[in-house]
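The structure file upload33.cif is reproduced below (mmCIF, C-alpha atoms).
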data_target
loop_
_atom_site.label_atom_id
_atom_site.label_comp_id
_atom_site.auth_asym_id
_atom_site.auth_seq_id
_atom_site.Cartn_x
_atom_site.Cartn_y
_atom_site.Cartn_z
CA MET V 1 -22.05 -43.48 -21.50
CA VAL V 2 -23.78 -40.73 -19.56
CA LYS V 3 -22.26 -37.29 -19.22
CA ASN V 4 -23.55 -35.31 -16.24
CA ALA V 5 -23.44 -31.53 -16.39
CA THR V 6 -24.90 -28.52 -14.64
CA PHE V 7 -25.43 -25.39 -16.75
CA THR V 8 -25.60 -22.05 -15.01
CA ARG V 9 -24.69 -18.44 -15.70
CA ARG V 10 -21.17 -19.34 -14.63
CA SER V 11 -20.87 -21.86 -17.45
CA VAL V 12 -21.49 -19.43 -20.30
CA LEU V 13 -19.99 -20.92 -23.44
CA SER V 14 -18.12 -19.08 -26.14
CA ALA V 15 -19.19 -19.27 -29.77
CA THR V 16 -16.40 -21.80 -30.36
CA LEU V 17 -17.72 -24.12 -27.67
CA TRP V 18 -21.22 -23.78 -29.08
CA ALA V 19 -20.01 -25.11 -32.40
CA GLY V 20 -18.76 -28.18 -30.54
CA LEU V 21 -22.31 -29.30 -29.61
CA VAL V 22 -22.02 -30.32 -25.97
CA PRO V 23 -23.40 -33.89 -25.83
CA LEU V 24 -26.01 -34.92 -23.28
CA ARG V 25 -27.25 -38.43 -24.03
CA ALA V 26 -29.13 -40.14 -21.25
CA GLN V 27 -29.77 -43.61 -19.97
CA ALA V 28 -32.93 -44.50 -18.04
CA GLN V 29 -31.17 -44.66 -14.67
CA MET V 30 -29.41 -41.25 -14.81
CA ALA V 31 -30.06 -37.73 -16.05
CA PRO V 32 -27.97 -34.59 -16.52
CA ASN V 33 -29.04 -31.45 -14.71
CA LEU V 34 -30.16 -28.20 -16.29
CA VAL V 35 -30.31 -25.34 -13.80
CA LEU V 36 -32.32 -22.25 -14.78
CA GLN V 37 -31.25 -19.12 -12.89
CA ASP V 38 -32.44 -15.53 -12.73
CA GLY V 39 -30.81 -13.05 -15.03
CA PRO V 40 -29.01 -13.48 -18.36
CA MET V 41 -27.62 -16.92 -19.13
CA THR V 42 -26.37 -18.81 -22.16
CA LEU V 43 -27.33 -22.46 -22.42
CA PRO V 44 -25.49 -24.88 -24.71
CA PRO V 45 -27.19 -27.06 -27.31
CA LEU V 46 -28.40 -30.48 -26.26
CA LYS V 47 -27.85 -33.63 -28.30
CA ALA V 48 -30.10 -36.66 -28.48
CA LYS V 49 -30.26 -39.72 -30.72
CA ARG V 50 -33.31 -40.65 -32.76
CA GLY V 51 -35.08 -43.68 -31.27
CA GLU V 52 -33.09 -43.59 -28.00
CA ILE V 53 -34.39 -42.43 -24.63
CA PHE V 54 -33.43 -38.89 -23.65
CA GLN V 55 -33.64 -37.66 -20.07
CA LEU V 56 -33.06 -34.32 -18.45
CA ARG V 57 -33.65 -33.12 -14.91
CA VAL V 58 -34.51 -29.42 -14.84
CA LYS V 59 -34.25 -27.33 -11.69
CA ASN V 60 -35.92 -23.93 -11.62
CA GLU V 61 -33.90 -21.48 -9.52
CA ARG V 62 -35.67 -18.49 -11.01
CA ARG V 63 -38.03 -16.43 -8.87
CA GLU V 64 -40.98 -17.22 -11.13
CA PRO V 65 -42.54 -20.33 -12.66
CA THR V 66 -41.35 -21.63 -16.00
CA ALA V 67 -41.98 -24.39 -18.51
CA LEU V 68 -39.88 -25.73 -21.39
CA HIS V 69 -41.45 -26.36 -24.79
CA TRP V 70 -39.58 -28.66 -27.20
CA ARG V 71 -40.45 -26.91 -30.43
CA GLY V 72 -40.97 -29.20 -33.41
CA LEU V 73 -40.31 -32.40 -31.46
CA ARG V 74 -43.23 -34.79 -31.79
CA LEU V 75 -42.85 -36.17 -28.28
CA ARG V 76 -45.48 -37.47 -25.91
CA ASN V 77 -48.04 -35.02 -24.58
CA ASP V 78 -46.98 -34.74 -20.94
CA MET V 79 -43.43 -33.72 -21.98
CA ASP V 80 -44.46 -31.00 -24.47
CA GLY V 81 -44.14 -28.09 -22.04
CA GLY V 82 -47.43 -26.48 -23.04
CA ALA V 83 -48.25 -25.45 -19.48
CA PRO V 84 -50.79 -25.39 -17.98
CA LEU V 85 -52.53 -27.55 -20.62
CA THR V 86 -50.08 -30.44 -20.87
CA GLN V 87 -48.50 -30.15 -17.41
CA LYS V 88 -48.04 -27.76 -14.51
CA PRO V 89 -45.37 -25.08 -14.73
CA ILE V 90 -42.15 -25.69 -12.81
CA ALA V 91 -42.47 -23.62 -9.64
CA PRO V 92 -39.48 -21.73 -8.19
CA GLY V 93 -37.20 -24.20 -6.39
CA ASP V 94 -38.87 -27.26 -7.99
CA MET V 95 -37.40 -29.85 -10.33
CA PHE V 96 -39.00 -31.53 -13.31
CA ASP V 97 -37.84 -34.75 -14.97
CA ILE V 98 -38.08 -34.79 -18.74
CA ALA V 99 -37.94 -38.13 -20.56
CA PHE V 100 -38.83 -38.91 -24.16
CA THR V 101 -37.68 -40.88 -27.17
CA PRO V 102 -37.41 -38.56 -30.19
CA PRO V 103 -38.99 -40.14 -33.27
CA ASP V 104 -37.41 -37.70 -35.74
CA ALA V 105 -33.84 -36.59 -36.40
CA GLY V 106 -33.16 -32.94 -37.13
CA THR V 107 -32.75 -29.41 -35.77
CA PHE V 108 -35.17 -28.43 -33.02
CA LEU V 109 -35.49 -25.78 -30.34
CA CYS V 110 -36.35 -25.68 -26.64
CA HIS V 111 -37.52 -22.45 -25.01
CA ALA V 112 -39.40 -21.04 -22.04
CA ASN V 113 -43.14 -21.39 -22.53
CA TRP V 114 -44.96 -20.23 -19.39
CA ARG V 115 -47.30 -17.65 -20.90
CA GLU V 116 -47.05 -15.16 -18.04
CA ASN V 117 -43.34 -14.52 -18.65
CA ALA V 118 -42.17 -16.51 -21.68
CA ALA V 119 -40.84 -13.54 -23.67
CA ARG V 120 -38.82 -12.20 -20.76
CA GLN V 121 -37.36 -15.61 -19.93
CA ILE V 122 -36.42 -16.24 -23.57
CA ALA V 123 -34.75 -12.82 -23.64
CA ASP V 124 -32.80 -13.89 -20.55
CA GLY V 125 -31.53 -16.91 -22.45
CA VAL V 126 -33.93 -19.72 -21.48
CA ILE V 127 -33.66 -21.05 -25.02
CA PHE V 128 -31.31 -23.58 -26.63
CA PRO V 129 -31.03 -25.71 -29.76
CA VAL V 130 -31.79 -29.42 -29.63
CA ILE V 131 -29.99 -31.60 -32.16
CA VAL V 132 -31.39 -35.09 -32.73
CA GLU V 133 -28.84 -37.20 -34.55
CA ASP V 134 -29.30 -40.26 -36.70
CA ASP V 135 -26.97 -42.93 -38.07
CA THR V 136 -27.85 -41.79 -41.60
CA ASP V 137 -26.67 -38.19 -41.07
CA PRO V 138 -24.33 -37.18 -43.93
CA ALA V 139 -20.66 -36.66 -43.17
CA VAL V 140 -19.54 -33.03 -42.93
CA GLU V 141 -16.37 -31.22 -41.91
CA LEU V 142 -18.32 -28.75 -39.79
CA ASP V 143 -21.77 -28.96 -38.21
CA LEU V 144 -22.45 -25.36 -37.24
CA ILE V 145 -25.37 -24.18 -35.13
CA CYS V 146 -26.42 -20.55 -35.60
CA LEU V 147 -29.02 -19.53 -33.00
CA LEU V 148 -29.99 -15.95 -33.80
CA GLN V 149 -31.55 -13.92 -31.03
CA GLU V 150 -32.01 -10.20 -30.54
CA LYS V 151 -31.16 -8.66 -27.19
CA MET V 152 -32.37 -5.30 -25.88
CA GLU V 153 -30.72 -3.32 -23.09
CA HIS V 154 -34.05 -1.68 -22.22
CA ALA V 155 -37.55 -1.30 -23.64
CA THR V 156 -36.72 1.73 -25.81
CA SER V 157 -33.35 0.57 -27.13
CA SER V 158 -32.71 -0.84 -30.58
CA PRO V 159 -32.25 -4.60 -30.63
CA ARG V 160 -28.83 -6.08 -31.24
CA MET V 161 -28.43 -9.50 -32.78
CA THR V 162 -26.49 -12.21 -31.00
CA ILE V 163 -25.40 -15.54 -32.41
CA ASN V 164 -25.16 -18.42 -29.95
CA GLY V 165 -25.39 -15.85 -27.16
CA ALA V 166 -22.38 -13.81 -28.35
CA ASP V 167 -22.12 -10.41 -30.01
CA GLY V 168 -19.22 -11.28 -32.31
CA ALA V 169 -19.31 -13.36 -35.49
CA LEU V 170 -18.43 -17.05 -35.53
CA ALA V 171 -15.16 -17.79 -37.36
CA HIS V 172 -13.82 -21.11 -38.68
CA ASP V 173 -10.79 -22.08 -40.75
CA LEU V 174 -11.48 -25.10 -42.96
CA ARG V 175 -9.79 -26.94 -45.76
CA PRO V 176 -10.85 -26.04 -49.31
CA GLY V 177 -13.86 -28.06 -50.47
CA ALA V 178 -15.03 -28.73 -46.91
CA ARG V 179 -18.72 -29.56 -46.55
CA VAL V 180 -20.61 -27.57 -43.91
CA ARG V 181 -24.03 -28.14 -42.37
CA LEU V 182 -25.49 -24.81 -41.24
CA ARG V 183 -28.34 -25.09 -38.75
CA LEU V 184 -30.06 -21.70 -38.85
CA ILE V 185 -32.41 -21.10 -35.91
CA SER V 186 -34.47 -18.04 -35.07
CA GLY V 187 -34.66 -17.38 -31.35
CA SER V 188 -36.67 -14.21 -31.84
CA THR V 189 -40.06 -14.09 -30.15
CA GLN V 190 -41.61 -11.46 -32.43
CA ARG V 191 -39.45 -10.27 -35.31
CA MET V 192 -39.03 -11.62 -38.80
CA MET V 193 -35.47 -11.59 -40.09
CA SER V 194 -33.61 -12.51 -43.24
CA VAL V 195 -30.13 -14.00 -43.58
CA ALA V 196 -27.93 -14.38 -46.65
CA LEU V 197 -24.91 -16.48 -47.59
CA GLU V 198 -22.08 -15.02 -49.65
CA GLY V 199 -19.17 -16.76 -51.38
CA ALA V 200 -20.76 -20.17 -52.03
CA THR V 201 -23.99 -21.88 -53.01
CA SER V 202 -26.10 -23.39 -50.25
CA LYS V 203 -28.91 -25.91 -50.52
CA VAL V 204 -31.80 -26.19 -48.07
CA ALA V 205 -32.26 -29.80 -46.95
CA ALA V 206 -34.66 -29.44 -44.00
CA ILE V 207 -37.22 -26.95 -42.68
CA ASP V 208 -38.38 -26.90 -39.06
CA GLY V 209 -36.41 -30.10 -38.45
CA GLN V 210 -38.03 -32.17 -41.20
CA PRO V 211 -36.24 -33.17 -44.44
CA CYS V 212 -37.49 -31.49 -47.60
CA GLY V 213 -36.75 -31.65 -51.29
CA LEU V 214 -33.34 -30.07 -51.88
CA PHE V 215 -33.48 -26.49 -53.22
CA GLU V 216 -31.32 -23.38 -53.51
CA PRO V 217 -32.61 -20.27 -51.73
CA GLU V 218 -33.41 -17.39 -54.03
CA ARG V 219 -30.39 -15.05 -54.05
CA GLN V 220 -28.99 -17.27 -51.26
CA THR V 221 -31.30 -15.42 -48.85
CA LEU V 222 -33.79 -16.98 -46.45
CA PRO V 223 -36.58 -15.44 -44.33
CA LEU V 224 -36.61 -16.59 -40.72
CA ALA V 225 -39.83 -16.39 -38.69
CA PRO V 226 -39.73 -16.68 -34.88
CA GLY V 227 -38.81 -20.26 -33.94
CA GLN V 228 -38.16 -21.32 -37.54
CA ARG V 229 -35.21 -23.54 -38.47
CA TYR V 230 -33.37 -24.36 -41.70
CA ASP V 231 -30.68 -26.96 -42.37
CA LEU V 232 -28.39 -25.80 -45.18
CA PHE V 233 -25.51 -27.71 -46.76
CA VAL V 234 -22.61 -25.77 -48.26
CA ASP V 235 -19.50 -26.97 -50.10
CA LEU V 236 -16.74 -24.41 -49.65
CA PRO V 237 -14.62 -23.33 -52.64
CA ARG V 238 -11.84 -25.75 -53.56
CA MET V 239 -9.17 -23.05 -53.45
CA ALA V 240 -7.31 -21.68 -50.45
CA LYS V 241 -7.74 -18.12 -49.12
CA GLN V 242 -11.45 -18.03 -49.99
CA GLU V 243 -14.16 -16.74 -47.68
CA VAL V 244 -17.80 -17.79 -47.22
CA SER V 245 -19.88 -15.60 -44.91
CA LEU V 246 -23.34 -15.47 -43.37
CA HIS V 247 -25.01 -12.08 -42.93
CA LEU V 248 -28.08 -10.69 -41.23
CA ARG V 249 -29.88 -8.66 -43.89
CA SER V 250 -32.95 -7.45 -41.98
CA LEU V 251 -34.56 -7.62 -38.56
CA GLY V 252 -38.22 -6.70 -38.34
CA SER V 253 -38.79 -3.38 -40.09
CA ASP V 254 -35.06 -2.60 -40.17
CA THR V 255 -33.91 -3.51 -43.68
CA THR V 256 -30.59 -1.65 -43.48
CA MET V 257 -28.70 -4.21 -41.42
CA GLY V 258 -25.54 -5.85 -42.74
CA ARG V 259 -24.36 -7.63 -39.61
CA LEU V 260 -21.75 -10.38 -40.13
CA LEU V 261 -22.89 -13.56 -38.36
CA ALA V 262 -20.32 -16.16 -39.35
CA VAL V 263 -17.32 -16.50 -41.62
CA MET V 264 -15.58 -19.64 -42.93
CA ARG V 265 -12.13 -19.29 -44.51
CA THR V 266 -10.31 -21.91 -46.56
CA SER V 267 -6.66 -22.82 -46.00
CA GLY V 268 -4.35 -25.77 -46.59
CA GLU V 269 -4.85 -28.68 -48.95
CA PRO V 270 -8.32 -29.44 -50.35
CA VAL V 271 -10.36 -32.29 -48.90
CA ALA V 272 -10.90 -35.30 -51.14
CA GLU V 273 -13.62 -34.77 -53.69
CA ARG V 274 -16.93 -36.30 -52.68
CA ALA V 275 -20.20 -37.04 -54.44
CA THR V 276 -22.67 -34.22 -54.96
CA PHE V 277 -24.94 -33.82 -51.96
CA GLU V 278 -28.36 -35.30 -52.80
CA GLY V 279 -30.28 -34.25 -49.69
CA LEU V 280 -31.54 -35.91 -46.53
CA ALA V 281 -33.62 -39.07 -46.60
CA PRO V 282 -37.38 -38.41 -46.22
CA ASN V 283 -38.85 -39.05 -42.79
CA PRO V 284 -40.56 -42.48 -43.14
CA LEU V 285 -42.86 -41.68 -40.18
CA LEU V 286 -44.61 -38.88 -42.07
CA PRO V 287 -47.27 -39.68 -44.69
CA GLU V 288 -46.52 -39.23 -48.37
CA LYS V 289 -50.08 -38.00 -48.85
CA ILE V 290 -52.84 -36.59 -46.66
CA ALA V 291 -56.36 -37.84 -47.48
CA LEU V 292 -58.01 -34.41 -47.61
CA GLN V 293 -61.27 -35.96 -48.81
CA ASN V 294 -61.55 -37.65 -45.39
CA ALA V 295 -60.31 -34.70 -43.35
CA THR V 296 -62.02 -33.11 -40.38
CA ARG V 297 -62.29 -29.46 -41.42
CA ARG V 298 -62.42 -26.37 -39.23
CA ASP V 299 -62.21 -22.67 -40.08
CA LEU V 300 -60.71 -20.60 -37.26
CA VAL V 301 -61.43 -16.87 -37.47
CA LEU V 302 -58.76 -14.90 -35.62
CA THR V 303 -59.80 -11.49 -34.27
CA ARG V 304 -58.71 -8.98 -31.66
CA ASP V 305 -61.00 -6.63 -29.80
CA ALA V 306 -59.85 -3.71 -27.67
CA SER V 307 -61.94 -4.91 -24.73
CA ALA V 308 -62.24 -8.67 -25.34
CA GLY V 309 -58.65 -9.27 -26.44
CA TRP V 310 -57.69 -12.18 -28.70
CA GLN V 311 -60.56 -14.31 -29.98
CA ILE V 312 -61.02 -17.45 -32.09
CA ASN V 313 -64.46 -17.81 -33.70
CA GLY V 314 -65.77 -15.11 -31.39
CA ALA V 315 -64.65 -16.80 -28.15
CA SER V 316 -61.87 -15.56 -25.90
CA ALA V 317 -58.47 -16.88 -26.89
CA GLU V 318 -56.39 -15.14 -24.24
CA SER V 319 -55.72 -18.48 -22.51
CA PHE V 320 -56.65 -22.12 -22.88
CA ALA V 321 -60.45 -22.41 -22.98
CA PRO V 322 -62.28 -25.21 -21.11
CA GLU V 323 -63.28 -26.86 -24.41
CA PRO V 324 -61.05 -27.78 -27.36
CA LEU V 325 -61.32 -26.14 -30.76
CA PHE V 326 -61.91 -29.65 -32.09
CA SER V 327 -61.48 -33.26 -31.02
CA VAL V 328 -60.53 -36.10 -33.37
CA LYS V 329 -59.58 -39.75 -33.21
CA ARG V 330 -55.94 -40.68 -33.58
CA GLY V 331 -54.95 -41.01 -37.24
CA THR V 332 -57.58 -38.55 -38.50
CA PRO V 333 -56.49 -36.13 -41.25
CA VAL V 334 -57.29 -32.53 -40.28
CA ALA V 335 -57.61 -29.46 -42.53
CA LEU V 336 -57.65 -26.05 -40.84
CA GLY V 337 -58.34 -22.62 -42.29
CA PHE V 338 -56.83 -19.69 -40.38
CA ILE V 339 -58.76 -16.52 -41.28
CA ASN V 340 -56.85 -13.52 -39.98
CA LYS V 341 -58.92 -10.46 -39.08
CA THR V 342 -56.67 -9.19 -36.28
CA GLY V 343 -55.13 -6.27 -38.14
CA GLN V 344 -51.62 -7.75 -37.99
CA PRO V 345 -49.81 -10.88 -39.24
CA GLN V 346 -50.19 -13.95 -37.05
CA LEU V 347 -47.69 -16.72 -36.43
CA ILE V 348 -49.55 -19.94 -35.57
CA HIS V 349 -47.60 -22.80 -34.01
CA LEU V 350 -48.94 -26.36 -33.80
CA HIS V 351 -47.68 -28.46 -30.89
CA GLY V 352 -46.97 -32.18 -31.18
CA HIS V 353 -47.47 -32.35 -34.95
CA VAL V 354 -46.11 -31.06 -38.25
CA LEU V 355 -48.27 -29.62 -41.01
CA ARG V 356 -48.39 -28.84 -44.71
CA HIS V 357 -49.54 -25.55 -46.22
CA ILE V 358 -52.43 -26.35 -48.60
CA HIS V 359 -52.67 -24.45 -51.86
CA LEU V 360 -55.85 -22.65 -52.85
CA PHE V 361 -58.78 -24.99 -53.71
CA ASP V 362 -56.97 -28.03 -52.20
CA ASP V 363 -54.99 -28.43 -55.44
CA GLY V 364 -51.72 -29.36 -53.74
CA TRP V 365 -49.43 -28.31 -50.92
CA ASP V 366 -45.95 -26.97 -50.28
CA PRO V 367 -43.31 -29.71 -50.65
CA TYR V 368 -42.13 -29.53 -47.05
CA TRP V 369 -43.37 -29.95 -43.50
CA ARG V 370 -43.31 -27.25 -40.85
CA ASP V 371 -44.59 -26.68 -37.30
CA THR V 372 -45.47 -22.98 -37.71
CA VAL V 373 -47.34 -21.01 -40.37
CA ILE V 374 -47.53 -17.26 -41.01
CA VAL V 375 -51.02 -15.88 -41.65
CA PRO V 376 -50.87 -12.38 -43.21
CA ASP V 377 -53.45 -9.85 -42.07
CA GLY V 378 -56.68 -10.09 -44.07
CA ARG V 379 -55.70 -13.45 -45.56
CA THR V 380 -56.78 -17.05 -45.14
CA ILE V 381 -54.12 -19.76 -44.90
CA ARG V 382 -55.08 -23.43 -45.02
CA VAL V 383 -53.02 -26.25 -43.57
CA ALA V 384 -53.35 -30.01 -43.22
CA PHE V 385 -51.86 -32.60 -40.88
CA VAL V 386 -52.52 -36.09 -39.60
CA ALA V 387 -53.52 -36.08 -35.91
CA ASP V 388 -51.36 -39.06 -34.94
CA ASN V 389 -50.10 -37.95 -31.51
CA PRO V 390 -52.64 -38.46 -28.67
CA GLY V 391 -53.22 -35.78 -26.08
CA ARG V 392 -54.36 -32.20 -25.52
CA TRP V 393 -52.25 -30.03 -27.82
CA PRO V 394 -51.77 -26.24 -27.78
CA LEU V 395 -52.27 -24.17 -30.90
CA THR V 396 -50.62 -20.85 -30.14
CA GLY V 397 -49.51 -17.56 -31.62
CA GLY V 398 -45.74 -17.39 -32.01
CA MET V 399 -43.16 -18.23 -29.34
CA ASP V 400 -44.85 -16.11 -26.68
CA SER V 401 -48.49 -17.20 -26.59
CA ARG V 402 -49.59 -13.83 -25.18
CA ASP V 403 -48.69 -12.26 -28.53
CA GLY V 404 -51.44 -14.07 -30.41
CA PRO V 405 -54.61 -16.11 -30.08
CA THR V 406 -54.36 -19.33 -28.11
CA GLY V 407 -56.43 -22.51 -28.30
CA TRP V 408 -56.05 -26.25 -28.14
CA PHE V 409 -57.22 -29.45 -29.80
CA GLU V 410 -57.58 -33.00 -28.62
CA VAL V 411 -56.45 -36.29 -30.17
CA THR V 412 -58.01 -39.36 -28.53
#

Can you give me the file's structure in the form of structure tokens?
Amino acid sequence: MVKNATFTRRSVLSATLWAGLVPLRAQAQMAPNLVLQDGPMTLPPLKAKRGEIFQLRVKNERREPTALHWRGLRLRNDMDGGAPLTQKPIAPGDMFDIAFTPPDAGTFLCHANWRENAARQIADGVIFPVIVEDDTDPAVELDLICLLQEKMEHATSSPRMTINGADGALAHDLRPGARVRLRLISGSTQRMMSVALEGATSKVAAIDGQPCGLFEPERQTLPLAPGQRYDLFVDLPRMAKQEVSLHLRSLGSDTTMGRLLAVMRTSGEPVAERATFEGLAPNPLLPEKIALQNATRRDLVLTRDASAGWQINGASAESFAPEPLFSVKRGTPVALGFINKTGQPQLIHLHGHVLRHIHLFDDGWDPYWRDTVIVPDGRTIRVAFVADNPGRWPLTGGMDSRDGPTGWFEVT
């Protein structure tokens, strides 16, 4: 069953409607419309199903070009949205048909990605969660998306945090013992933030859309880098009149914030007791091990010069260079070293693939996958991935590629 919908500024959704996850599943012969307009807008989440075709027809009614990048989704190259490398930007008045079959279930993000104006368009609201469902998803009483994004009235104003496009906190009344899936998503283009849960114990089950070994956040607090996502599972207290709340603890350099983001209150009779949550099933499409001994290795030195701008290994990295940083055959393991000499932390995002952070001396890696890595100033961070998705793939700084060095690699 196809549900057609047009999303414009006039269809701004409340926080309550956001929690409902507006469904947009597509068949090959039809597609829903997504209309991008000038000025502030709030777009609802999109739903897809793992292994099923997803289609979307996008019309650009803005006065400037745009492109949509499907962050974390390992889709085919010409749908990635890494314009102008993977496809042309969508010109004003033009339409673009998006079609792909998501291989992975999880929490993902779509946002404006045309480097000339990505940050401004994201600030306008050209950003929305993408939820890819699977038949094995665990049952919950509430599946709650929390897209956190700062808004600024003007260049010199202090940012204010919105959740799902609204200023107020999300509020839900649930039965005692209800199980909640919290999908935390950073829609910030530049700022780190931290969020904390109070009143219950949460467990992280996925990072950047990919299942991970279940763990409890330290002090129930998580750092969120631009574009990063966490899936948390929370069992509410089994007594009525209890409260579990989510708070913004810091945004960028501001560590004094105590903004309430969401609150869940218990009332009525408890839900039936269920088994302890054991986590999400591992993604069978990702390798259990990466053969580092067979890896193609590259060190990428990141620098910034007052006159030359961003550079990678001494070459300009202000836009996509004519030649790739490296080219490998499909299925090749790759190990990259990011050496940051820019004078500021760098957020490096890998398109079309997911990576593992390698420990010093190749003696292991973090027990989870991610699509973005933070490289502190003056440090070297090493990552590994299997280049299993053919095409020309961007490797960019953050959510707005102008804010960091930009390059690309090729998988043939």

Can you check which parts of stretch 345-379 of chain V lie within 12 Å of stretch 108-119 of chain V? Per residue, the shortest pair of atoms and distance in Å to one decimal, counting only C-alpha atoms, sorted by chain and number, as JSON lines.
{"residue": "V:His351", "atom": "CA", "partner": "V:Asn113", "partner_atom": "CA", "distance": 11.9}
{"residue": "V:Arg370", "atom": "CA", "partner": "V:Phe108", "partner_atom": "CA", "distance": 11.4}
{"residue": "V:Asp371", "atom": "CA", "partner": "V:Phe108", "partner_atom": "CA", "distance": 10.5}

task = Name the residues that the PyMOL selection byres ((chain V and resi 412) around 9) picks from the file above, as a ChimeraX atom specification, using the file's chain letters and numbers.
result = /V:327-330,389-392,410-411

message = Evaluated on this file, the PyMOL selection byres ((chain V and resi 205-213) around 7) picks out some residues - which ones are they, written as a PyMOL selection string?
response = chain V and resi 72+106-108+203-204+214-215+228-232+279-283+367-371

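The shortest atom-to-atom distance to V:Ile163, with only C-alpha atoms taken into account, belongs to V:Thr42 out of V:Gly407, V:Thr189, V:Thr42, V:Arg249.
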
task = Starting from the displayed file, determine the output of the PyMOL selection byres ((chain V and resi 90) around 8) and express the residue list as a ChimeraX atom specification.
result = /V:60,65-67,88-89,91-92,94-96

One-decimal distance in Å that lies between atom CA of V:Arg160 and atom CA of V:Met264 =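 Atom CA of V:Arg160 lies 22.3 Å from atom CA of V:Met264.
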
query = Quick one: distance from atom CA of V:Pro270 to atom CA of V:Ile145 in Å, one decimal?
reply =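 Taking atom CA of V:Pro270 as the start and atom CA of V:Ile145 as the end point, the length is 23.5 Å.
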
query = Taking into account all atoms listed in the file, which residue in the set V:Asp366, V:Asp124, V:Asp377, V:Asp235 is nearest to V:Ser202?
reply = V:Asp235

inquiry  = Residues within 10 Å of (-9.1, -26.8, -42.6), file coordinates, counting only C-alpha atoms: what are they? Give the list as a ChimeraX atom specification.
reply    = /V:141-142,172-178,240,264-271

Residue neighbourhood stretch 299-309 of chain V, 7 Å, only C-alpha atoms, exclusion window fewer than 6 positions, as a ChimeraX atom specification = /V:316,318,336-342

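Put simply, atom CA of V:Leu236 is 7.6 Å away from atom CA of V:Val180.
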
Would you list the contacts of V:Arg382 as a compact mmCIF listing (two decimals) with C-alpha atoms, in the coordinates of the input, taking every protein, DNA or RNA residue within 12 Å and counting all atoms listed in the file, but skipping same-chain residues closer than 5 positions in sequence?
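As written to disk, selection26.txt reads:
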# COMPACT_ATOMS: atom_id res chain seq x y z
CA LEU V 292 -58.01 -34.41 -47.61
CA ARG V 297 -62.29 -29.46 -41.42
CA ARG V 298 -62.42 -26.37 -39.23
CA ASP V 299 -62.21 -22.67 -40.08
CA LEU V 300 -60.71 -20.60 -37.26
CA VAL V 301 -61.43 -16.87 -37.47
CA VAL V 334 -57.29 -32.53 -40.28
CA ALA V 335 -57.61 -29.46 -42.53
CA LEU V 336 -57.65 -26.05 -40.84
CA GLY V 337 -58.34 -22.62 -42.29
CA PHE V 338 -56.83 -19.69 -40.38
CA ILE V 339 -58.76 -16.52 -41.28
CA ASN V 340 -56.85 -13.52 -39.98
CA ILE V 348 -49.55 -19.94 -35.57
CA LEU V 355 -48.27 -29.62 -41.01
CA ARG V 356 -48.39 -28.84 -44.71
CA HIS V 357 -49.54 -25.55 -46.22
CA ILE V 358 -52.43 -26.35 -48.60
CA HIS V 359 -52.67 -24.45 -51.86
CA LEU V 360 -55.85 -22.65 -52.85
CA PHE V 361 -58.78 -24.99 -53.71
CA ASP V 362 -56.97 -28.03 -52.20
CA ASP V 363 -54.99 -28.43 -55.44
CA GLY V 364 -51.72 -29.36 -53.74
CA TRP V 365 -49.43 -28.31 -50.92
CA ASP V 366 -45.95 -26.97 -50.28
CA VAL V 373 -47.34 -21.01 -40.37
CA ILE V 374 -47.53 -17.26 -41.01
CA VAL V 375 -51.02 -15.88 -41.65
CA PRO V 376 -50.87 -12.38 -43.21

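Nearest residue to V:Ala275 among V:Ala139, V:Ala225, V:Leu347, V:Cys146 is V:Ala139, counting only C-alpha atoms.
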
Return as AutoDock Vina command-line options the centre and edge lengths, in Å with one decimal, of the box along x, y and z that encloses every atom of stretch 132-147 of chain V in the file, padded by 6 Å per side.
--center_x -23.9 --center_y -31.2 --center_z -38.3 --size_x 27.0 --size_y 35.4 --size_z 23.2

request  = Do a neighbour search on V:Ala321 at 10 Å with all atoms listed in the file, toss out local chain neighbours closer than 3 positions, and write the hits as number ranges by chain.
outcome  = V: 85, 315-318, 324-325, 406-408

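Between V:Asn77 and the residues V:Gly352, V:Asp135, V:Val126, V:Met193, the shortest atom-to-atom distance, using all atoms listed in the file, involves V:Gly352.
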
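Using all atoms listed in the file, the nearest neighbour of V:Asp78 within the list V:Leu395, V:Ile98, V:Ile312, V:Leu148 is V:Ile98.
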
inquiry  = From the options V:Gly81, V:Pro287, V:Gly252, V:Gly165, which residue's atoms come nearest to V:Leu68, counting only C-alpha atoms?
reply    = V:Gly81

Local residues around (-33.5, -43.1, -32.2), at most 10 Å away, using all atoms listed in the file, as a PDB file with C-alpha atoms, keeping the file's coordinate frame:
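See out_18.pdb below for the written result:
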ATOM      1  CA  ALA V  48     -30.100 -36.660 -28.480  1.00  0.00           C
ATOM      2  CA  LYS V  49     -30.260 -39.720 -30.720  1.00  0.00           C
ATOM      3  CA  ARG V  50     -33.310 -40.650 -32.760  1.00  0.00           C
ATOM      4  CA  GLY V  51     -35.080 -43.680 -31.270  1.00  0.00           C
ATOM      5  CA  GLU V  52     -33.090 -43.590 -28.000  1.00  0.00           C
ATOM      6  CA  ILE V  53     -34.390 -42.430 -24.630  1.00  0.00           C
ATOM      7  CA  PHE V  54     -33.430 -38.890 -23.650  1.00  0.00           C
ATOM      8  CA  THR V 101     -37.680 -40.880 -27.170  1.00  0.00           C
ATOM      9  CA  PRO V 102     -37.410 -38.560 -30.190  1.00  0.00           C
ATOM     10  CA  PRO V 103     -38.990 -40.140 -33.270  1.00  0.00           C
ATOM     11  CA  ASP V 104     -37.410 -37.700 -35.740  1.00  0.00           C
ATOM     12  CA  ALA V 105     -33.840 -36.590 -36.400  1.00  0.00           C
ATOM     13  CA  VAL V 132     -31.390 -35.090 -32.730  1.00  0.00           C
ATOM     14  CA  GLU V 133     -28.840 -37.200 -34.550  1.00  0.00           C
ATOM     15  CA  ASP V 134     -29.300 -40.260 -36.700  1.00  0.00           C
ATOM     16  CA  ASP V 135     -26.970 -42.930 -38.070  1.00  0.00           C
TER      17      ASP V 135
END
